[in-house]
$ cat protein_11.txt   # compact mmCIF, C-alpha atoms (C1' of nucleotides)
# COMPACT_ATOMS: atom_id res chain seq x y z
CA MET A 1 -19.49 6.43 0.27
CA GLY A 2 -16.55 7.70 -1.76
CA ILE A 3 -17.46 11.25 -0.81
CA THR A 4 -15.03 13.26 1.30
CA LYS A 5 -16.29 15.38 4.19
CA THR A 6 -14.34 18.50 3.26
CA GLU A 7 -16.49 20.73 5.49
CA ILE A 8 -14.93 19.44 8.66
CA PHE A 9 -11.37 20.25 7.62
CA THR A 10 -9.48 23.51 7.33
CA GLU A 11 -8.91 25.31 4.06
CA GLN A 12 -5.22 24.44 4.32
CA GLN A 13 -5.84 20.76 4.91
CA ASN A 14 -8.12 20.57 1.90
CA GLN A 15 -5.60 22.47 -0.20
CA ILE A 16 -2.82 20.06 0.69
CA ALA A 17 -5.10 17.11 -0.02
CA ASN A 18 -6.09 18.53 -3.41
CA PHE A 19 -2.52 19.02 -4.56
CA ALA A 20 -1.55 15.62 -3.21
CA LYS A 21 -4.46 13.97 -4.97
CA ALA A 22 -3.19 15.37 -8.26
CA PHE A 23 0.17 13.72 -7.61
CA GLY A 24 -1.58 10.57 -6.48
CA HIS A 25 -1.54 9.00 -9.92
CA PRO A 26 1.69 7.91 -11.61
CA ALA A 27 0.46 9.13 -15.01
CA ARG A 28 0.19 12.68 -13.71
CA VAL A 29 3.57 12.37 -12.04
CA ALA A 30 5.02 11.18 -15.35
CA ILE A 31 3.33 13.98 -17.29
CA LEU A 32 4.71 16.62 -14.97
CA GLN A 33 8.20 15.12 -15.00
CA HIS A 34 8.13 15.10 -18.78
CA LEU A 35 6.99 18.71 -18.92
CA PHE A 36 9.85 19.69 -16.64
CA LYS A 37 12.32 17.91 -18.88
CA ILE A 38 10.92 18.94 -22.26
CA ASN A 39 9.53 22.30 -21.43
CA ALA A 40 9.62 23.09 -25.15
CA CYS A 41 5.91 22.53 -25.04
CA ILE A 42 5.58 19.01 -26.21
CA CYS A 43 1.91 18.36 -26.70
CA GLY A 44 0.33 15.06 -27.60
CA ASP A 45 3.70 13.39 -27.60
CA LEU A 46 2.70 12.63 -24.07
CA VAL A 47 0.38 9.99 -25.43
CA ILE A 48 3.36 8.19 -26.97
CA GLU A 49 5.69 8.99 -24.10
CA ILE A 50 3.37 7.80 -21.33
CA GLY A 51 1.64 4.91 -23.06
CA LEU A 52 -1.98 5.58 -22.20
CA ALA A 53 -4.77 6.30 -24.67
CA GLN A 54 -5.27 9.84 -25.88
CA PRO A 55 -8.54 10.48 -24.03
CA THR A 56 -6.95 9.27 -20.82
CA ILE A 57 -3.99 11.62 -21.16
CA SER A 58 -6.34 14.45 -22.05
CA GLN A 59 -8.29 13.80 -18.88
CA HIS A 60 -5.18 13.85 -16.71
CA LEU A 61 -4.01 17.05 -18.37
CA LYS A 62 -7.36 18.63 -17.65
CA GLU A 63 -7.08 17.87 -13.96
CA LEU A 64 -3.62 19.38 -13.81
CA LYS A 65 -4.83 22.44 -15.71
CA THR A 66 -7.84 22.86 -13.43
CA LEU A 67 -5.50 22.89 -10.45
CA GLY A 68 -3.44 25.52 -12.25
CA LEU A 69 -0.22 23.53 -12.25
CA ILE A 70 0.11 23.56 -16.04
CA LYS A 71 -0.81 25.91 -18.86
CA GLY A 72 -1.87 25.10 -22.40
CA ASN A 73 -1.34 27.17 -25.50
CA ILE A 74 -2.95 26.45 -28.84
CA GLU A 75 -0.40 26.21 -31.65
CA GLY A 76 -2.17 25.43 -34.85
CA THR A 77 -3.79 22.06 -34.49
CA SER A 78 -1.67 20.96 -31.58
CA ILE A 79 -1.59 22.27 -28.06
CA CYS A 80 1.49 23.17 -26.12
CA TYR A 81 1.51 22.36 -22.45
CA CYS A 82 4.00 23.49 -19.89
CA ILE A 83 4.48 23.97 -16.18
CA HIS A 84 2.86 27.04 -14.66
CA GLN A 85 5.91 28.14 -12.75
CA GLU A 86 4.24 30.60 -10.38
CA SER A 87 1.56 28.09 -9.39
CA TRP A 88 4.15 25.38 -8.99
CA THR A 89 6.13 27.57 -6.61
CA ALA A 90 2.98 28.44 -4.67
CA MET A 91 2.07 24.77 -4.45
CA LYS A 92 5.54 23.96 -3.15
CA THR A 93 5.14 26.47 -0.36
CA VAL A 94 1.91 24.83 0.76
CA MET A 95 3.28 21.30 0.50
CA ASN A 96 6.55 22.06 2.22
CA GLN A 97 4.74 23.63 5.13
CA PHE A 98 3.19 20.22 5.59
CA LEU A 99 6.18 18.03 4.76
CA ASP A 100 8.66 20.02 6.83
CA GLN A 101 6.69 19.77 10.05
CA ASP A 102 8.65 18.98 13.15
CA ILE A 103 7.59 17.03 16.16
CA GLU A 104 6.74 19.59 18.83
CA ASN A 105 6.39 17.42 21.90
CA LYS A 106 9.29 15.05 22.25
CA THR A 107 7.65 12.86 24.90
CA ASN A 108 7.72 9.84 22.69
CA CYS A 109 6.30 6.39 23.30
CA CYS A 110 6.96 4.37 20.19
CA MET B 1 -12.01 1.29 -14.76
CA GLY B 2 -10.71 2.68 -11.46
CA ILE B 3 -7.65 0.50 -11.77
CA THR B 4 -4.26 2.18 -12.26
CA LYS B 5 -1.78 0.82 -14.80
CA THR B 6 1.20 0.83 -12.48
CA GLU B 7 3.18 -1.51 -14.76
CA ILE B 8 3.87 1.20 -17.31
CA PHE B 9 5.42 3.60 -14.82
CA THR B 10 8.76 3.65 -13.07
CA GLU B 11 9.25 2.51 -9.50
CA GLN B 12 9.93 6.10 -8.53
CA GLN B 13 6.79 7.44 -10.18
CA ASN B 14 4.66 4.86 -8.42
CA GLN B 15 6.36 5.60 -5.13
CA ILE B 16 5.66 9.32 -5.44
CA ALA B 17 2.05 8.59 -6.39
CA ASN B 18 1.61 6.27 -3.42
CA PHE B 19 2.87 8.80 -0.90
CA ALA B 20 0.83 11.54 -2.55
CA LYS B 21 -2.28 9.41 -2.50
CA ALA B 22 -1.90 9.04 1.26
CA PHE B 23 -1.86 12.83 1.59
CA GLY B 24 -4.75 13.10 -0.85
CA HIS B 25 -7.36 13.01 1.86
CA PRO B 26 -7.79 15.87 4.36
CA ALA B 27 -8.49 13.42 7.19
CA ARG B 28 -5.07 11.85 6.77
CA VAL B 29 -3.47 15.28 6.53
CA ALA B 30 -5.24 16.26 9.74
CA ILE B 31 -4.23 13.05 11.48
CA LEU B 32 -0.58 13.57 10.59
CA GLN B 33 -0.63 17.23 11.61
CA HIS B 34 -2.12 16.24 14.94
CA LEU B 35 0.49 13.55 15.49
CA PHE B 36 3.22 16.09 14.81
CA LYS B 37 1.72 18.47 17.34
CA ILE B 38 0.78 15.97 20.06
CA ASN B 39 3.48 13.40 19.60
CA ALA B 40 2.72 12.18 23.09
CA CYS B 41 0.95 9.32 21.43
CA ILE B 42 -2.62 10.39 21.53
CA CYS B 43 -4.65 7.47 20.30
CA GLY B 44 -8.39 7.46 19.77
CA ASP B 45 -8.55 11.13 20.68
CA LEU B 46 -8.18 11.47 16.97
CA VAL B 47 -11.79 10.39 16.63
CA ILE B 48 -12.86 13.37 18.73
CA GLU B 49 -10.24 15.70 17.28
CA ILE B 50 -11.03 14.99 13.63
CA GLY B 51 -14.75 14.41 13.82
CA LEU B 52 -15.13 11.23 11.82
CA ALA B 53 -16.46 7.93 13.10
CA GLN B 54 -14.10 5.54 14.83
CA PRO B 55 -14.03 2.92 12.06
CA THR B 56 -13.25 5.63 9.53
CA ILE B 57 -10.33 6.98 11.53
CA SER B 58 -9.10 3.45 12.09
CA GLN B 59 -9.16 2.86 8.36
CA HIS B 60 -7.15 6.01 7.64
CA LEU B 61 -4.65 5.10 10.34
CA LYS B 62 -4.23 1.69 8.78
CA GLU B 63 -3.33 3.20 5.43
CA LEU B 64 -0.76 5.47 7.00
CA LYS B 65 0.66 2.56 8.95
CA THR B 66 0.82 0.34 5.85
CA LEU B 67 2.84 3.05 4.12
CA GLY B 68 5.10 3.13 7.17
CA LEU B 69 4.57 6.80 7.93
CA ILE B 70 3.25 6.14 11.44
CA LYS B 71 3.83 3.58 14.16
CA GLY B 72 1.39 2.20 16.71
CA ASN B 73 2.11 0.89 20.17
CA ILE B 74 -0.37 -0.92 22.36
CA GLU B 75 -0.75 0.73 25.76
CA GLY B 76 -3.27 -1.18 27.79
CA THR B 77 -6.62 -0.93 26.05
CA SER B 78 -5.66 2.06 23.97
CA ILE B 79 -3.15 2.37 21.18
CA CYS B 80 -0.53 5.05 20.84
CA TYR B 81 0.24 6.33 17.40
CA CYS B 82 3.09 8.54 16.36
CA ILE B 83 5.11 9.64 13.36
CA HIS B 84 7.72 7.19 12.12
CA GLN B 85 10.50 9.73 11.85
CA GLU B 86 12.89 7.72 9.67
CA SER B 87 10.18 6.87 7.17
CA TRP B 88 8.95 10.43 7.14
CA THR B 89 12.43 11.67 6.32
CA ALA B 90 12.80 9.05 3.59
CA MET B 91 9.43 10.05 2.16
CA LYS B 92 10.48 13.70 2.14
CA THR B 93 13.56 12.84 0.09
CA VAL B 94 11.43 11.13 -2.53
CA MET B 95 8.81 13.87 -2.64
CA ASN B 96 11.29 16.73 -2.72
CA GLN B 97 13.09 15.16 -5.63
CA PHE B 98 9.80 15.54 -7.45
CA LEU B 99 8.69 18.90 -6.09
CA ASP B 100 12.05 20.59 -6.49
CA GLN B 101 12.38 19.78 -10.18
CA ASP B 102 13.61 22.57 -12.38
CA ILE B 103 12.74 23.29 -15.95
CA GLU B 104 15.63 21.98 -18.00
CA ASN B 105 14.89 23.44 -21.41
CA LYS B 106 14.06 27.12 -21.14
CA THR B 107 12.64 27.44 -24.66
CA ASN B 108 9.25 28.38 -23.38
CA CYS B 109 6.04 28.95 -25.33
CA CYS B 110 3.34 29.66 -22.77
C1' DA C 1 -15.83 22.02 -49.64
C1' DT C 2 -13.21 18.04 -48.29
C1' DT C 3 -9.63 15.71 -46.05
C1' DG C 4 -6.31 15.06 -42.48
C1' DT C 5 -4.43 15.89 -37.92
C1' DA C 6 -4.62 16.94 -33.03
C1' DT C 7 -7.13 17.31 -28.98
C1' DA C 8 -11.40 17.49 -26.15
C1' DT C 9 -15.71 15.53 -24.72
C1' DT C 10 -19.12 11.96 -23.95
C1' DG C 11 -20.62 7.76 -22.22
C1' DC C 12 -19.81 3.78 -20.00
C1' DA C 13 -17.72 -0.35 -17.59
C1' DA C 14 -14.67 -1.79 -14.00
C1' DT C 15 -12.59 -0.84 -9.91
C1' DA C 16 -11.33 2.09 -5.82
C1' DT C 17 -12.38 5.02 -2.04
C1' DT C 18 -14.92 6.91 1.74
C1' DA C 19 -17.88 6.53 5.54
C1' DC C 20 -20.21 4.20 9.05
C1' DG C 21 -23.27 0.69 11.69
C1' DA C 22 -22.61 -3.64 13.61
C1' DT C 23 -19.63 -6.77 15.38
C1' DT C 24 -15.43 -8.62 17.19
C1' DA C 25 -11.08 -8.78 19.82
C1' DA C 26 -8.10 -7.62 23.53
C1' DA C 27 -7.01 -5.98 27.85
C1' DG C 28 -7.94 -3.92 32.38
C1' DA C 29 -11.41 -3.32 36.25
C1' DA C 30 -14.98 -4.90 39.20
C1' DT D 1 -15.91 -14.48 35.39
C1' DT D 2 -18.32 -10.54 33.78
C1' DC D 3 -18.31 -5.74 32.54
C1' DT D 4 -16.18 -1.86 30.36
C1' DT D 5 -13.24 0.47 27.32
C1' DT D 6 -10.68 0.91 23.16
C1' DA D 7 -9.65 -0.10 18.68
C1' DA D 8 -9.79 -3.29 14.60
C1' DT D 9 -12.52 -5.67 11.23
C1' DC D 10 -16.60 -6.82 8.44
C1' DG D 11 -20.15 -5.67 5.47
C1' DT D 12 -22.27 -2.53 2.72
C1' DA D 13 -24.02 1.79 0.48
C1' DA D 14 -22.77 5.83 -1.97
C1' DT D 15 -19.65 8.12 -4.65
C1' DA D 16 -15.15 8.80 -7.13
C1' DT D 17 -11.60 7.44 -10.23
C1' DT D 18 -9.49 5.30 -14.14
C1' DG D 19 -9.38 3.99 -18.81
C1' DC D 20 -10.93 3.81 -23.34
C1' DA D 21 -14.02 3.53 -27.67
C1' DA D 22 -16.68 6.52 -30.10
C1' DT D 23 -17.56 10.92 -31.26
C1' DA D 24 -17.09 15.85 -31.62
C1' DT D 25 -14.43 19.94 -32.38
C1' DA D 26 -11.01 22.95 -34.32
C1' DC D 27 -7.82 24.13 -37.44
C1' DA D 28 -4.68 23.56 -41.59
C1' DA D 29 -3.98 22.01 -46.06
C1' DT D 30 -5.49 20.59 -50.35

$ encode --input "protein_11.txt" --output "C-alpha cells"
Amino acid sequence: MGITKTEIFTEQQNQIANFAKAFGHPARVAILQHLFKINACICGDLVIEIGLAQPTISQHLKELKTLGLIKGNIEGTSICYCIHQESWTAMKTVMNQFLDQDIENKTNCC
Amino acid sequence: MGITKTEIFTEQQNQIANFAKAFGHPARVAILQHLFKINACICGDLVIEIGLAQPTISQHLKELKTLGLIKGNIEGTSICYCIHQESWTAMKTVMNQFLDQDIENKTNCC
DNA sequence: ATTGTATATTGCAATATTACGATTAAAGAA
DNA sequence: TTCTTTAATCGTAATATTGCAATATACAAT
C-alpha cells in the first residue's frame, strides 16, 4: 500500500515518526549538519557540498522547511537557509522523550 | 527513483538516516514504546495492542530486529520480543551526536 | 528590454514502503 | 498423528519516495 494508517496512532507517535522520517535520508542529515556548521546562511552551495542535483536538494530543503526545522531568507537572487533554533529545540524535546525511555518492568526474558 | 544514493554520504550520515528511518513509522514507534512499558516479553499481543494485521506487525518487528534494536526469543509457540538495551544505548549515542549539534558560526541572517 | 544567476516547480521513471490475504512453519496439546 | 496456536513468509496491490531533466520564476545587472 505505501500508505500509513496514522489514525490509529497517537498524536505523539505520529509527531515522532514525522521528525524521524525527515532524518531518514542521508541527504537531509547532511544538509542539516552543514547548516549547523556554516550557519552563515550558505544557500545553493549545498548543491556542490552534497553532490545531488539542484532540484533534488531543493526538494529536500522544502521538506525540512515544511517541518519547520529550517528557515529561508531571500537575499537577492540567492536564498539563505539556516536552522530554526526554536523548532530544533522543540523537536529535541519530543525525540528525547522517546529515545530516553527506560524499561519499566524488569522481568526480562531475552 | 526511490533509490537513495548512499555512496555519496558518510558512514555516520547513513547510520543516522537508517536509525531515523526505523523510527519514521508510527507503528514502529508504538511497538518500541510498548516494549519499553511491558518488557515482560509480550509477543503477538502487539497485534492487538497496535491494531494492524499480524503480517504487518511481523514485518515491522523484522525491521527493528535487523537493525538490532530488539531481540526475539522463542517461548513455545509464541515469541518474546524485547528491547536490546546495549544496541539502544549505542543508537542513542549516534542520534544524540546529531540532535545535540550546536551552531558553530553565529553570524546569523534569518 | 535582455541577459545571467539562483532557486523552485513540474513531470516522470525507477524503486521503496506499507498493508494484508493466503500460505507455511514450528511447536505444544489432544 | 492430527489439531491448534503463533508467528514468519510470500505475493501482490496501492501509495510514497527519490532523483533529475526540463521548465518556470524571480531578481540583478547590463

$ calpha_fit_and_write --input "protein_11.txt" --fixed "chain A" --moving "chain B" --output "PDB file with C-alpha atoms, in the coordinates of the input"
ATOM      1  CA  MET B   1     -19.548   6.507   0.261  1.00  0.00           C
ATOM      2  CA  GLY B   2     -16.630   7.762  -1.842  1.00  0.00           C
ATOM      3  CA  ILE B   3     -17.512  11.308  -0.914  1.00  0.00           C
ATOM      4  CA  THR B   4     -15.060  13.290   1.234  1.00  0.00           C
ATOM      5  CA  LYS B   5     -16.309  15.421   4.123  1.00  0.00           C
ATOM      6  CA  THR B   6     -14.343  18.513   3.207  1.00  0.00           C
ATOM      7  CA  GLU B   7     -16.505  20.739   5.435  1.00  0.00           C
ATOM      8  CA  ILE B   8     -14.934  19.446   8.627  1.00  0.00           C
ATOM      9  CA  PHE B   9     -11.379  20.246   7.585  1.00  0.00           C
ATOM     10  CA  THR B  10      -9.470  23.487   7.325  1.00  0.00           C
ATOM     11  CA  GLU B  11      -8.890  25.298   4.059  1.00  0.00           C
ATOM     12  CA  GLN B  12      -5.218  24.436   4.323  1.00  0.00           C
ATOM     13  CA  GLN B  13      -5.835  20.741   4.907  1.00  0.00           C
ATOM     14  CA  ASN B  14      -8.114  20.557   1.896  1.00  0.00           C
ATOM     15  CA  GLN B  15      -5.610  22.453  -0.201  1.00  0.00           C
ATOM     16  CA  ILE B  16      -2.814  20.047   0.704  1.00  0.00           C
ATOM     17  CA  ALA B  17      -5.090  17.086  -0.017  1.00  0.00           C
ATOM     18  CA  ASN B  18      -6.078  18.512  -3.392  1.00  0.00           C
ATOM     19  CA  PHE B  19      -2.505  19.012  -4.540  1.00  0.00           C
ATOM     20  CA  ALA B  20      -1.537  15.599  -3.195  1.00  0.00           C
ATOM     21  CA  LYS B  21      -4.441  13.959  -4.951  1.00  0.00           C
ATOM     22  CA  ALA B  22      -3.172  15.363  -8.243  1.00  0.00           C
ATOM     23  CA  PHE B  23       0.194  13.708  -7.607  1.00  0.00           C
ATOM     24  CA  GLY B  24      -1.548  10.534  -6.481  1.00  0.00           C
ATOM     25  CA  HIS B  25      -1.514   9.010  -9.922  1.00  0.00           C
ATOM     26  CA  PRO B  26       1.729   7.913 -11.624  1.00  0.00           C
ATOM     27  CA  ALA B  27       0.484   9.144 -15.006  1.00  0.00           C
ATOM     28  CA  ARG B  28       0.208  12.685 -13.694  1.00  0.00           C
ATOM     29  CA  VAL B  29       3.606  12.389 -12.036  1.00  0.00           C
ATOM     30  CA  ALA B  30       5.044  11.200 -15.340  1.00  0.00           C
ATOM     31  CA  ILE B  31       3.343  13.978 -17.276  1.00  0.00           C
ATOM     32  CA  LEU B  32       4.747  16.626 -14.952  1.00  0.00           C
ATOM     33  CA  GLN B  33       8.236  15.122 -14.996  1.00  0.00           C
ATOM     34  CA  HIS B  34       8.144  15.120 -18.775  1.00  0.00           C
ATOM     35  CA  LEU B  35       6.999  18.729 -18.909  1.00  0.00           C
ATOM     36  CA  PHE B  36       9.874  19.703 -16.638  1.00  0.00           C
ATOM     37  CA  LYS B  37      12.338  17.927 -18.895  1.00  0.00           C
ATOM     38  CA  ILE B  38      10.922  18.950 -22.283  1.00  0.00           C
ATOM     39  CA  ASN B  39       9.523  22.336 -21.454  1.00  0.00           C
ATOM     40  CA  ALA B  40       9.557  23.101 -25.150  1.00  0.00           C
ATOM     41  CA  CYS B  41       5.852  22.528 -25.044  1.00  0.00           C
ATOM     42  CA  ILE B  42       5.525  19.016 -26.249  1.00  0.00           C
ATOM     43  CA  CYS B  43       1.842  18.353 -26.641  1.00  0.00           C
ATOM     44  CA  GLY B  44       0.293  15.048 -27.611  1.00  0.00           C
ATOM     45  CA  ASP B  45       3.709  13.419 -27.598  1.00  0.00           C
ATOM     46  CA  LEU B  46       2.702  12.679 -24.068  1.00  0.00           C
ATOM     47  CA  VAL B  47       0.362  10.029 -25.417  1.00  0.00           C
ATOM     48  CA  ILE B  48       3.325   8.236 -26.980  1.00  0.00           C
ATOM     49  CA  GLU B  49       5.685   9.028 -24.117  1.00  0.00           C
ATOM     50  CA  ILE B  50       3.393   7.806 -21.341  1.00  0.00           C
ATOM     51  CA  GLY B  51       1.644   4.957 -23.083  1.00  0.00           C
ATOM     52  CA  LEU B  52      -1.968   5.634 -22.216  1.00  0.00           C
ATOM     53  CA  ALA B  53      -4.759   6.351 -24.665  1.00  0.00           C
ATOM     54  CA  GLN B  54      -5.283   9.892 -25.874  1.00  0.00           C
ATOM     55  CA  PRO B  55      -8.554  10.505 -24.013  1.00  0.00           C
ATOM     56  CA  THR B  56      -6.944   9.293 -20.804  1.00  0.00           C
ATOM     57  CA  ILE B  57      -3.982  11.631 -21.135  1.00  0.00           C
ATOM     58  CA  SER B  58      -6.330  14.460 -22.012  1.00  0.00           C
ATOM     59  CA  GLN B  59      -8.290  13.783 -18.856  1.00  0.00           C
ATOM     60  CA  HIS B  60      -5.169  13.850 -16.680  1.00  0.00           C
ATOM     61  CA  LEU B  61      -4.011  17.054 -18.341  1.00  0.00           C
ATOM     62  CA  LYS B  62      -7.363  18.625 -17.613  1.00  0.00           C
ATOM     63  CA  GLU B  63      -7.047  17.878 -13.918  1.00  0.00           C
ATOM     64  CA  LEU B  64      -3.592  19.385 -13.779  1.00  0.00           C
ATOM     65  CA  LYS B  65      -4.810  22.421 -15.671  1.00  0.00           C
ATOM     66  CA  THR B  66      -7.836  22.845 -13.384  1.00  0.00           C
ATOM     67  CA  LEU B  67      -5.475  22.881 -10.411  1.00  0.00           C
ATOM     68  CA  GLY B  68      -3.425  25.504 -12.238  1.00  0.00           C
ATOM     69  CA  LEU B  69      -0.198  23.524 -12.233  1.00  0.00           C
ATOM     70  CA  ILE B  70       0.120  23.556 -16.027  1.00  0.00           C
ATOM     71  CA  LYS B  71      -0.804  25.901 -18.845  1.00  0.00           C
ATOM     72  CA  GLY B  72      -1.867  25.084 -22.389  1.00  0.00           C
ATOM     73  CA  ASN B  73      -1.392  27.144 -25.510  1.00  0.00           C
ATOM     74  CA  ILE B  74      -2.975  26.407 -28.853  1.00  0.00           C
ATOM     75  CA  GLU B  75      -0.397  26.135 -31.629  1.00  0.00           C
ATOM     76  CA  GLY B  76      -2.141  25.372 -34.869  1.00  0.00           C
ATOM     77  CA  THR B  77      -3.795  21.985 -34.549  1.00  0.00           C
ATOM     78  CA  SER B  78      -1.709  20.904 -31.605  1.00  0.00           C
ATOM     79  CA  ILE B  79      -1.623  22.222 -28.078  1.00  0.00           C
ATOM     80  CA  CYS B  80       1.462  23.119 -26.119  1.00  0.00           C
ATOM     81  CA  TYR B  81       1.502  22.346 -22.449  1.00  0.00           C
ATOM     82  CA  CYS B  82       4.000  23.489 -19.892  1.00  0.00           C
ATOM     83  CA  ILE B  83       4.502  23.970 -16.176  1.00  0.00           C
ATOM     84  CA  HIS B  84       2.872  27.034 -14.658  1.00  0.00           C
ATOM     85  CA  GLN B  85       5.923  28.150 -12.733  1.00  0.00           C
ATOM     86  CA  GLU B  86       4.227  30.594 -10.356  1.00  0.00           C
ATOM     87  CA  SER B  87       1.572  28.081  -9.379  1.00  0.00           C
ATOM     88  CA  TRP B  88       4.151  25.367  -8.966  1.00  0.00           C
ATOM     89  CA  THR B  89       6.133  27.551  -6.596  1.00  0.00           C
ATOM     90  CA  ALA B  90       2.985  28.429  -4.654  1.00  0.00           C
ATOM     91  CA  MET B  91       2.081  24.750  -4.437  1.00  0.00           C
ATOM     92  CA  LYS B  92       5.554  23.936  -3.134  1.00  0.00           C
ATOM     93  CA  THR B  93       5.133  26.462  -0.329  1.00  0.00           C
ATOM     94  CA  VAL B  94       1.908  24.815   0.771  1.00  0.00           C
ATOM     95  CA  MET B  95       3.261  21.281   0.522  1.00  0.00           C
ATOM     96  CA  ASN B  96       6.550  22.037   2.239  1.00  0.00           C
ATOM     97  CA  GLN B  97       4.737  23.599   5.145  1.00  0.00           C
ATOM     98  CA  PHE B  98       3.184  20.183   5.590  1.00  0.00           C
ATOM     99  CA  LEU B  99       6.170  17.999   4.763  1.00  0.00           C
ATOM    100  CA  ASP B 100       8.654  19.973   6.821  1.00  0.00           C
ATOM    101  CA  GLN B 101       6.662  19.741  10.039  1.00  0.00           C
ATOM    102  CA  ASP B 102       8.628  18.954  13.146  1.00  0.00           C
ATOM    103  CA  ILE B 103       7.555  17.016  16.165  1.00  0.00           C
ATOM    104  CA  GLU B 104       6.683  19.591  18.788  1.00  0.00           C
ATOM    105  CA  ASN B 105       6.348  17.457  21.893  1.00  0.00           C
ATOM    106  CA  LYS B 106       9.287  15.099  22.221  1.00  0.00           C
ATOM    107  CA  THR B 107       7.696  12.891  24.886  1.00  0.00           C
ATOM    108  CA  ASN B 108       7.778   9.877  22.668  1.00  0.00           C
ATOM    109  CA  CYS B 109       6.365   6.409  23.306  1.00  0.00           C
ATOM    110  CA  CYS B 110       6.991   4.399  20.157  1.00  0.00           C
TER     111      CYS B 110
END

$ interface_residues --input "protein_11.txt" --of "chain A" --to "chain D" --cutoff "9 Å" --atoms "only C-alpha atoms (C1' of nucleotides)" --output "list of chain:residue names"
A:Met1, A:Gly2, A:Ile3, A:Leu52, A:Ala53, A:Gln54, A:Pro55, A:Thr56, A:Gly76, A:Thr77

$ write_last_selection --input "protein_11.txt" --atoms "C-alpha atoms" --output "mmCIF file, keeping the file's coordinate frame"
data_model
loop_
_atom_site.group_PDB
_atom_site.id
_atom_site.type_symbol
_atom_site.label_atom_id
_atom_site.label_comp_id
_atom_site.auth_asym_id
_atom_site.auth_seq_id
_atom_site.Cartn_x
_atom_site.Cartn_y
_atom_site.Cartn_z
ATOM 1 C CA MET A 1 -19.490 6.430 0.270
ATOM 2 C CA GLY A 2 -16.550 7.700 -1.760
ATOM 3 C CA ILE A 3 -17.460 11.250 -0.810
ATOM 4 C CA LEU A 52 -1.980 5.580 -22.200
ATOM 5 C CA ALA A 53 -4.770 6.300 -24.670
ATOM 6 C CA GLN A 54 -5.270 9.840 -25.880
ATOM 7 C CA PRO A 55 -8.540 10.480 -24.030
ATOM 8 C CA THR A 56 -6.950 9.270 -20.820
ATOM 9 C CA GLY A 76 -2.170 25.430 -34.850
ATOM 10 C CA THR A 77 -3.790 22.060 -34.490
#

$ axis_aligned_box --input "protein_11.txt" --around "segment 4-9 of chain D" --padding-each-side "8 Å" --output "lines of an AutoDock Vina configuration file"
center_x = -12.9
center_y = -2.4
center_z = 20.8
size_x = 22.5
size_y = 22.6
size_z = 35.1

$ closest_residue --input "protein_11.txt" --among "A:Glu86, A:Thr66, A:Gly44, A:Leu61" --to "chain C" --atoms "only C-alpha atoms (C1' of nucleotides)"
A:Gly44

$ atom_distance --input "protein_11.txt" --atom1 "atom CA of Leu64 of chain B" --atom2 "atom CA of Leu46 of chain B"
13.8 Å

$ interface_residues --input "protein_11.txt" --of "chain C" --to "chain B" --cutoff "9 Å" --atoms "all atoms listed in the file" --output "list in words"
DA13, DA14, DT15, DA16, DT18, DA19, DC20, DA26, DA27 and DG28 of chain C

$ atom_distance --input "protein_11.txt" --atom1 "atom C1' of DT7 of chain C" --atom2 "atom CA of Leu67 of chain A"
19.4 Å

$ atom_distance --input "protein_11.txt" --atom1 "atom CA of Asp45 of chain B" --atom2 "atom CA of Ala90 of chain B"
27.4 Å
